[in-house]
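Notes follow once the structure below has been shown.
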Amino acid sequence: MPHYQIRGQVPRKRHTIFRKPDGSLYTEELVSTEGFSNVYSLIYHAFPPTMVKAVEEGIDVSPEIALPKNMQHRSFRGFDIKPADDYLESRKMVLVNNDVYISLAAPRRSMVDYFYKNSQADEMIFVHKGEGRLKTIYGSLDFAYGDHLIIPRGTIYQMEFKGEHNRLFIVESMHPLRFPKRYVNKNGQLLEHAPFYERDIRTPKDLETFDERGEFLVKIKRSDMLFPYIMASHPFDAVGWDGYHFPFALSIHDFEPITGRIHQPPPVHQTFETPAFVTCAFVPRMYDYHPQSIPAPYNHSNVDSDEVLYYVDGDFMSRNHIEKGMITLHPIGIPHGPHPGATERSIGKTKTDELAVMVDTFRPLMLTREALSIEDPGYHKSWLF
Ligand SMILES: [Fe+2]
């Protein structure tokens with residue numbers, strides 16, 4: 001993952017005396033992952049991060065499973081998800097399993113009166129429409145169309161939107177989200193053949209210290225419950241931090257496509273990996289340049305993964321009747337491929353403008369009630385001619 005970062009003030013040595021101008025001590029917090037065995041950061045707070053005033057009753061936010069066992073190609077109109085003022089209420093889970101929850105959201109308002117912390121999953125928020133600022137204790141990340149915001153679990157955040165028309169595709173991962181192993185060298189640096197580089201990774205900036213006591217509502221997600229915590233200090237009270245654990249942004253527009261003389265397989269489009277699923281970015285690119293090449297993909301039997309494709313922009317050459325914001329699901333067990341006419345249509349084409357995000361899960365996905373409400377029926381028969 002991204003390398004060492006440092007912001008604000010930190011003491012010269014970790015775990016040593018670090019005083020405020022008034023002589024009292026700053027409070028050090030270690031944020032560690034996989035116990036103490038993986039990446040971590042050290043945060044220096046104005047106040048102890050442990051000052052809990054109250055814990056209110058948890059709210060059940062479990063996905064409402066409508067179809068636990070799916071064995072059919074499906075398509076969903078993502079933009080049919082209704083906008084909602086509140087950010088958390090706007091997030092509608094559509095496809096889920098024990099490893100990953102995939103949601104769509106159309107939030108209208110910024111989060112102003114509470115903070116949110118997902119303590120059960122890392123989040124990847126893909127910004128399809130809208131722009132704004134992700135605010136965290138590590139600093140802020142400005143976001144816009146095409147950004148993947150990666151928010152490691154345990155990061156308290158607020159989303160600030162510039163306008164009301166926002167569309168997000170959200171992946172909650174129960175496993176840490178990492179760059180593919182084959183993209184990085186033994187020291188963790190992105191290799192020359194990777195489709196993005198460290199300079200493409202945007203890290204938090206403008207660290208602002210909210211040296212405030214009071215009552216601050218933090219909604220903490222854990223065990224599919226939302227626990228309202230009232231904290232006695234502002235969640236963004238850091239004067240400094242350093243380490244490897246922090247949110248970051250990667251724009252799909254900075255992803256450099258890998259092309260070839262003949263059709264390149266989906267792994268060349270990969271962005272992130274976990275033990276349970278991978279994500280890919282399909283971006284505008286030149287097509288295959290062998291004189292006999294067929295740019296449309298072959299038919300494909302994914303014998304061990306469910307394939308989710310979220311269509312962002314451009315023409316989707318291999319599919320008919322695709323709109324922006326649509327999701328297709330091609331499950332384990334049955335082949336999928338180009339729609340009738342698409343293979344012939346692709347011959348001689350030199351480039352594509354398609355933009356899409358893919359999530360391939362190694363275990364079957366279940367459909368929620370929300371997913372069924374935006375389903376485009378009949379998709380499974382769309383290959384008939
Ligand atoms: Fe496929």
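Each chain of the structure tokens is named A, B, ... in the order shown, its residues numbered from 1; ligands are numbered from 1 in display order.
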Counting only C-alpha atoms and all ligand atoms, which residues of chain A sit at most 10 Å from some atom of ligand 1, and what is each one's closest atom pair with its distance in Å to one decimal, listed by chain and rising residue number, as JSON lines?
```
{"residue": "A:Pro265", "atom": "CA", "partner": "ligand 1", "partner_atom_place_in_ligand_line": "1 (Fe)", "distance": 9.1}
{"residue": "A:Pro266", "atom": "CA", "partner": "ligand 1", "partner_atom_place_in_ligand_line": "1 (Fe)", "distance": 7.7}
{"residue": "A:Pro297", "atom": "CA", "partner": "ligand 1", "partner_atom_place_in_ligand_line": "1 (Fe)", "distance": 8.4}
{"residue": "A:Tyr298", "atom": "CA", "partner": "ligand 1", "partner_atom_place_in_ligand_line": "1 (Fe)", "distance": 8.6}
{"residue": "A:Asn299", "atom": "CA", "partner": "ligand 1", "partner_atom_place_in_ligand_line": "1 (Fe)", "distance": 7.7}
{"residue": "A:His300", "atom": "CA", "partner": "ligand 1", "partner_atom_place_in_ligand_line": "1 (Fe)", "distance": 5.3}
{"residue": "A:Ser301", "atom": "CA", "partner": "ligand 1", "partner_atom_place_in_ligand_line": "1 (Fe)", "distance": 7.0}
{"residue": "A:Asn302", "atom": "CA", "partner": "ligand 1", "partner_atom_place_in_ligand_line": "1 (Fe)", "distance": 6.2}
{"residue": "A:Val303", "atom": "CA", "partner": "ligand 1", "partner_atom_place_in_ligand_line": "1 (Fe)", "distance": 10.0}
{"residue": "A:Ser305", "atom": "CA", "partner": "ligand 1", "partner_atom_place_in_ligand_line": "1 (Fe)", "distance": 9.0}
{"residue": "A:Asp306", "atom": "CA", "partner": "ligand 1", "partner_atom_place_in_ligand_line": "1 (Fe)", "distance": 8.7}
{"residue": "A:Glu307", "atom": "CA", "partner": "ligand 1", "partner_atom_place_in_ligand_line": "1 (Fe)", "distance": 6.4}
{"residue": "A:Val308", "atom": "CA", "partner": "ligand 1", "partner_atom_place_in_ligand_line": "1 (Fe)", "distance": 8.9}
{"residue": "A:Leu309", "atom": "CA", "partner": "ligand 1", "partner_atom_place_in_ligand_line": "1 (Fe)", "distance": 9.2}
{"residue": "A:Leu329", "atom": "CA", "partner": "ligand 1", "partner_atom_place_in_ligand_line": "1 (Fe)", "distance": 9.8}
{"residue": "A:His330", "atom": "CA", "partner": "ligand 1", "partner_atom_place_in_ligand_line": "1 (Fe)", "distance": 7.4}
{"residue": "A:Pro331", "atom": "CA", "partner": "ligand 1", "partner_atom_place_in_ligand_line": "1 (Fe)", "distance": 9.4}
{"residue": "A:Ile332", "atom": "CA", "partner": "ligand 1", "partner_atom_place_in_ligand_line": "1 (Fe)", "distance": 9.9}
{"residue": "A:Pro335", "atom": "CA", "partner": "ligand 1", "partner_atom_place_in_ligand_line": "1 (Fe)", "distance": 8.1}
{"residue": "A:His336", "atom": "CA", "partner": "ligand 1", "partner_atom_place_in_ligand_line": "1 (Fe)", "distance": 6.6}
{"residue": "A:Gly337", "atom": "CA", "partner": "ligand 1", "partner_atom_place_in_ligand_line": "1 (Fe)", "distance": 7.2}
{"residue": "A:Pro338", "atom": "CA", "partner": "ligand 1", "partner_atom_place_in_ligand_line": "1 (Fe)", "distance": 9.9}
{"residue": "A:Met358", "atom": "CA", "partner": "ligand 1", "partner_atom_place_in_ligand_line": "1 (Fe)", "distance": 9.7}
{"residue": "A:Asp360", "atom": "CA", "partner": "ligand 1", "partner_atom_place_in_ligand_line": "1 (Fe)", "distance": 8.8}
```
| request: Would you list the contacts of region 214-224 of chain A as a ChimeraX atom specification, taking every protein, DNA or RNA residue within 12 Å and counting only C-alpha atoms, but skipping same-chain residues closer than 5 positions in sequence? | output: /A:47,49,51-64,87-88,93,98,101,111-123,153-158,172,174,229-237
Just the selected residues (C-alpha atoms), exported as an mmCIF file, in the first residue's frame, please.
```
data_model
loop_
_atom_site.group_PDB
_atom_site.id
_atom_site.type_symbol
_atom_site.label_atom_id
_atom_site.label_comp_id
_atom_site.auth_asym_id
_atom_site.auth_seq_id
_atom_site.Cartn_x
_atom_site.Cartn_y
_atom_site.Cartn_z
ATOM 1 C CA PHE A 47 -7.266 14.852 24.004
ATOM 2 C CA PRO A 49 -9.458 9.400 22.028
ATOM 3 C CA MET A 51 -13.425 9.814 26.342
ATOM 4 C CA VAL A 52 -16.827 8.195 25.804
ATOM 5 C CA LYS A 53 -19.775 10.157 27.226
ATOM 6 C CA ALA A 54 -22.552 7.804 26.151
ATOM 7 C CA VAL A 55 -23.321 4.805 23.993
ATOM 8 C CA GLU A 56 -26.819 4.819 22.587
ATOM 9 C CA GLU A 57 -28.810 1.829 21.379
ATOM 10 C CA GLY A 58 -27.458 0.233 18.210
ATOM 11 C CA ILE A 59 -29.446 0.250 14.998
ATOM 12 C CA ASP A 60 -29.574 -2.885 12.851
ATOM 13 C CA VAL A 61 -28.236 -2.119 9.367
ATOM 14 C CA SER A 62 -27.924 -5.707 8.116
ATOM 15 C CA PRO A 63 -28.489 -6.244 4.410
ATOM 16 C CA GLU A 64 -32.035 -7.380 3.642
ATOM 17 C CA TYR A 87 -25.191 10.005 3.595
ATOM 18 C CA LEU A 88 -25.601 6.784 5.584
ATOM 19 C CA MET A 93 -26.732 -2.484 -0.335
ATOM 20 C CA ASN A 98 -19.736 -12.682 3.851
ATOM 21 C CA TYR A 101 -21.079 -5.639 0.536
ATOM 22 C CA MET A 111 -22.433 15.132 6.874
ATOM 23 C CA VAL A 112 -22.468 17.992 9.332
ATOM 24 C CA ASP A 113 -23.914 16.795 12.614
ATOM 25 C CA TYR A 114 -22.215 13.421 12.980
ATOM 26 C CA PHE A 115 -19.143 11.392 12.062
ATOM 27 C CA TYR A 116 -18.990 7.836 10.739
ATOM 28 C CA LYS A 117 -16.586 4.974 11.377
ATOM 29 C CA ASN A 118 -16.806 1.602 9.673
ATOM 30 C CA SER A 119 -15.176 -0.825 12.084
ATOM 31 C CA GLN A 120 -16.110 -3.988 10.215
ATOM 32 C CA ALA A 121 -14.902 -3.226 6.694
ATOM 33 C CA ASP A 122 -12.465 -1.243 4.571
ATOM 34 C CA GLU A 123 -14.402 0.966 2.171
ATOM 35 C CA ARG A 153 -11.576 0.312 8.600
ATOM 36 C CA GLY A 154 -11.499 2.282 11.824
ATOM 37 C CA THR A 155 -11.070 5.648 10.091
ATOM 38 C CA ILE A 156 -13.567 8.208 11.369
ATOM 39 C CA TYR A 157 -14.740 10.343 8.478
ATOM 40 C CA GLN A 158 -17.178 12.893 7.115
ATOM 41 C CA GLU A 172 -17.257 -2.653 1.818
ATOM 42 C CA MET A 174 -14.279 -7.482 5.234
ATOM 43 C CA TYR A 229 -21.246 6.947 20.400
ATOM 44 C CA ILE A 230 -21.133 10.342 22.065
ATOM 45 C CA MET A 231 -17.476 11.332 22.410
ATOM 46 C CA ALA A 232 -16.216 14.142 24.652
ATOM 47 C CA SER A 233 -13.529 15.375 22.237
ATOM 48 C CA HIS A 234 -13.617 16.292 18.562
ATOM 49 C CA PRO A 235 -12.731 13.209 16.459
ATOM 50 C CA PHE A 236 -10.333 15.309 14.330
ATOM 51 C CA ASP A 237 -8.119 16.627 17.141
#
```
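The residue set within 6 Å of region 361-370 of chain A, counting only C-alpha atoms and dropping same-chain residues fewer than 3 places from it, reads Glu64, Ile65, Ala66, Leu67, Pro68, Val94, Leu95, Val96, Asn97, Ala276, Phe277, Asp304, Ser305, Asp306 and Ser373 of chain A.
One finds CA of Arg182 (chain A) at 24.5 Å from CA of Ser32 (chain A).
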| Running DSSP on the backbone, which parts of region 182-325 of chain A land in helix (DSSP H, G or I), as JSON, numbers by chain? | {"A": [182, 183, 198, 199, 200, 252, 253, 254, 266, 267, 268, 269]}
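Counting from CA of Ile125 (chain A), the distance to CA of His269 (chain A) is 17.9 Å.
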| said: At a cut-off of 9 Å, using only C-alpha atoms, what residues contact Phe272 (chain A)? Leave out same-chain residues fewer than 5 positions from it and give the result as an NGL selection string. | reply: :A and (177-180 or 277-280)
| note | Among A:Arg77, A:Lys135, A:Arg285, A:His380, Thr209 (chain A) is approached most closely, using only C-alpha atoms, by A:Lys135
Residues within 12 Å of Thr16 (chain A), please, as a PDB file with all heavy atoms, in the first residue's frame. Count only C-alpha atoms; anything in the same chain fewer than 3 positions from it doesn't count.
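Once everything was written out, this is around38.pdb:
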```pdb
ATOM      1  N   VAL A  10       5.027  15.749  15.230  1.00  0.00           N
ATOM      2  CA  VAL A  10       5.175  14.486  15.970  1.00  0.00           C
ATOM      3  C   VAL A  10       6.464  14.602  16.786  1.00  0.00           C
ATOM      4  O   VAL A  10       7.367  15.350  16.400  1.00  0.00           O
ATOM      5  CB  VAL A  10       5.258  13.259  15.017  1.00  0.00           C
ATOM      6  CG1 VAL A  10       4.003  13.118  14.166  1.00  0.00           C
ATOM      7  CG2 VAL A  10       6.483  13.325  14.125  1.00  0.00           C
ATOM      8  N   PRO A  11       6.568  13.887  17.921  1.00  0.00           N
ATOM      9  CA  PRO A  11       7.828  13.956  18.691  1.00  0.00           C
ATOM     10  C   PRO A  11       8.957  13.276  17.922  1.00  0.00           C
ATOM     11  O   PRO A  11       8.697  12.431  17.067  1.00  0.00           O
ATOM     12  CB  PRO A  11       7.493  13.209  19.975  1.00  0.00           C
ATOM     13  CG  PRO A  11       6.359  12.313  19.629  1.00  0.00           C
ATOM     14  CD  PRO A  11       5.591  12.994  18.535  1.00  0.00           C
ATOM     15  N   ARG A  12      10.215  13.638  18.241  1.00  0.00           N
ATOM     16  CA  ARG A  12      11.334  13.088  17.478  1.00  0.00           C
ATOM     17  C   ARG A  12      11.373  11.556  17.577  1.00  0.00           C
ATOM     18  O   ARG A  12      11.677  10.869  16.627  1.00  0.00           O
ATOM     19  CB  ARG A  12      12.671  13.694  17.951  1.00  0.00           C
ATOM     20  CG  ARG A  12      13.793  13.523  16.918  1.00  0.00           C
ATOM     21  CD  ARG A  12      15.160  13.900  17.436  1.00  0.00           C
ATOM     22  NE  ARG A  12      15.675  13.004  18.447  1.00  0.00           N
ATOM     23  CZ  ARG A  12      16.180  11.795  18.182  1.00  0.00           C
ATOM     24  NH1 ARG A  12      16.226  11.342  16.953  1.00  0.00           N
ATOM     25  NH2 ARG A  12      16.643  11.033  19.170  1.00  0.00           N
ATOM     26  N   LYS A  13      11.063  11.018  18.755  1.00  0.00           N
ATOM     27  CA  LYS A  13      10.993   9.553  18.899  1.00  0.00           C
ATOM     28  C   LYS A  13       9.586   9.157  19.306  1.00  0.00           C
ATOM     29  O   LYS A  13       8.929   9.872  20.055  1.00  0.00           O
ATOM     30  CB  LYS A  13      11.985   9.075  19.976  1.00  0.00           C
ATOM     31  CG  LYS A  13      13.407   8.952  19.463  1.00  0.00           C
ATOM     32  CD  LYS A  13      14.303   8.231  20.459  1.00  0.00           C
ATOM     33  CE  LYS A  13      14.267   6.723  20.345  1.00  0.00           C
ATOM     34  NZ  LYS A  13      14.781   6.208  19.074  1.00  0.00           N
ATOM     35  N   ARG A  19       4.740  17.525  24.536  1.00  0.00           N
ATOM     36  CA  ARG A  19       3.888  18.449  25.313  1.00  0.00           C
ATOM     37  C   ARG A  19       3.263  19.532  24.450  1.00  0.00           C
ATOM     38  O   ARG A  19       3.842  19.976  23.463  1.00  0.00           O
ATOM     39  CB  ARG A  19       4.712  19.110  26.425  1.00  0.00           C
ATOM     40  CG  ARG A  19       5.147  18.132  27.497  1.00  0.00           C
ATOM     41  CD  ARG A  19       5.636  18.859  28.750  1.00  0.00           C
ATOM     42  NE  ARG A  19       6.175  17.902  29.712  1.00  0.00           N
ATOM     43  CZ  ARG A  19       5.421  17.181  30.534  1.00  0.00           C
ATOM     44  NH1 ARG A  19       4.110  17.316  30.540  1.00  0.00           N
ATOM     45  NH2 ARG A  19       5.981  16.314  31.371  1.00  0.00           N
ATOM     46  N   LEU A  25       0.358  17.102  28.302  1.00  0.00           N
ATOM     47  CA  LEU A  25       0.812  16.120  27.298  1.00  0.00           C
ATOM     48  C   LEU A  25      -0.189  15.958  26.153  1.00  0.00           C
ATOM     49  O   LEU A  25      -1.408  15.945  26.374  1.00  0.00           O
ATOM     50  CB  LEU A  25       0.981  14.748  27.964  1.00  0.00           C
ATOM     51  CG  LEU A  25       2.202  14.555  28.847  1.00  0.00           C
ATOM     52  CD1 LEU A  25       2.046  13.260  29.657  1.00  0.00           C
ATOM     53  CD2 LEU A  25       3.494  14.501  28.025  1.00  0.00           C
ATOM     54  N   TYR A  26       0.309  15.806  24.937  1.00  0.00           N
ATOM     55  CA  TYR A  26      -0.501  15.279  23.855  1.00  0.00           C
ATOM     56  C   TYR A  26      -0.711  13.780  24.126  1.00  0.00           C
ATOM     57  O   TYR A  26       0.051  13.148  24.851  1.00  0.00           O
ATOM     58  CB  TYR A  26       0.195  15.450  22.503  1.00  0.00           C
ATOM     59  CG  TYR A  26       0.198  16.870  21.996  1.00  0.00           C
ATOM     60  CD1 TYR A  26       1.395  17.577  21.864  1.00  0.00           C
ATOM     61  CD2 TYR A  26      -0.987  17.489  21.622  1.00  0.00           C
ATOM     62  CE1 TYR A  26       1.401  18.882  21.387  1.00  0.00           C
ATOM     63  CE2 TYR A  26      -0.991  18.794  21.149  1.00  0.00           C
ATOM     64  CZ  TYR A  26       0.202  19.487  21.033  1.00  0.00           C
ATOM     65  OH  TYR A  26       0.199  20.771  20.568  1.00  0.00           O
ATOM     66  N   THR A  27      -1.731  13.216  23.521  1.00  0.00           N
ATOM     67  CA  THR A  27      -2.026  11.799  23.718  1.00  0.00           C
ATOM     68  C   THR A  27      -1.672  11.022  22.459  1.00  0.00           C
ATOM     69  O   THR A  27      -2.147  11.370  21.375  1.00  0.00           O
ATOM     70  CB  THR A  27      -3.529  11.609  24.008  1.00  0.00           C
ATOM     71  OG1 THR A  27      -3.848  12.351  25.174  1.00  0.00           O
ATOM     72  CG2 THR A  27      -3.869  10.155  24.232  1.00  0.00           C
ATOM     73  N   GLU A  28      -0.852  10.006  22.616  1.00  0.00           N
ATOM     74  CA  GLU A  28      -0.443   9.186  21.469  1.00  0.00           C
ATOM     75  C   GLU A  28      -1.416   8.017  21.288  1.00  0.00           C
ATOM     76  O   GLU A  28      -1.877   7.430  22.272  1.00  0.00           O
ATOM     77  CB  GLU A  28       0.963   8.645  21.721  1.00  0.00           C
ATOM     78  CG  GLU A  28       1.570   7.895  20.559  1.00  0.00           C
ATOM     79  CD  GLU A  28       2.952   7.337  20.907  1.00  0.00           C
ATOM     80  OE1 GLU A  28       3.055   6.591  21.908  1.00  0.00           O
ATOM     81  OE2 GLU A  28       3.912   7.638  20.184  1.00  0.00           O
ATOM     82  N   TYR A  44      -1.158  11.773  17.157  1.00  0.00           N
ATOM     83  CA  TYR A  44      -0.981  12.580  18.372  1.00  0.00           C
ATOM     84  C   TYR A  44      -2.193  13.488  18.530  1.00  0.00           C
ATOM     85  O   TYR A  44      -2.417  14.395  17.731  1.00  0.00           O
ATOM     86  CB  TYR A  44       0.345  13.359  18.309  1.00  0.00           C
ATOM     87  CG  TYR A  44       1.479  12.358  18.294  1.00  0.00           C
ATOM     88  CD1 TYR A  44       1.942  11.823  17.086  1.00  0.00           C
ATOM     89  CD2 TYR A  44       1.997  11.852  19.481  1.00  0.00           C
ATOM     90  CE1 TYR A  44       2.909  10.834  17.073  1.00  0.00           C
ATOM     91  CE2 TYR A  44       2.975  10.859  19.481  1.00  0.00           C
ATOM     92  CZ  TYR A  44       3.421  10.343  18.267  1.00  0.00           C
ATOM     93  OH  TYR A  44       4.364   9.355  18.256  1.00  0.00           O
TER      94      TYR A  44
END
```
| message | Which residue is closest to Gln5 (chain A)? Choose from A:Arg202, A:His263, A:His175, A:Lys20 and count only C-alpha atoms. | response | A:Arg202
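Among the candidate residues A:Arg345, A:Lys205, A:Lys69, A:Arg74, the one lying nearest to Asp376 (chain A) is A:Arg74, with distances computed using only C-alpha atoms.
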| request: Tell me which protein, DNA and RNA residues are within 6 Å of Gly78 (chain A), counting only C-alpha atoms, leaving out same-chain ones fewer than 2 positions away, and put them as a ChimeraX atom specification. | output: /A:76,80-81,325-326
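Counting only C-alpha atoms, the residue from A:Leu207, A:Ile327, A:Val357, A:Ala371 that sits nearest to Phe255 (chain A) is A:Val357.
Considering only C-alpha atoms, the residue among A:His15, A:Lys162, A:His253, A:Arg261 positioned nearest to Phe282 (chain A) is A:His253.
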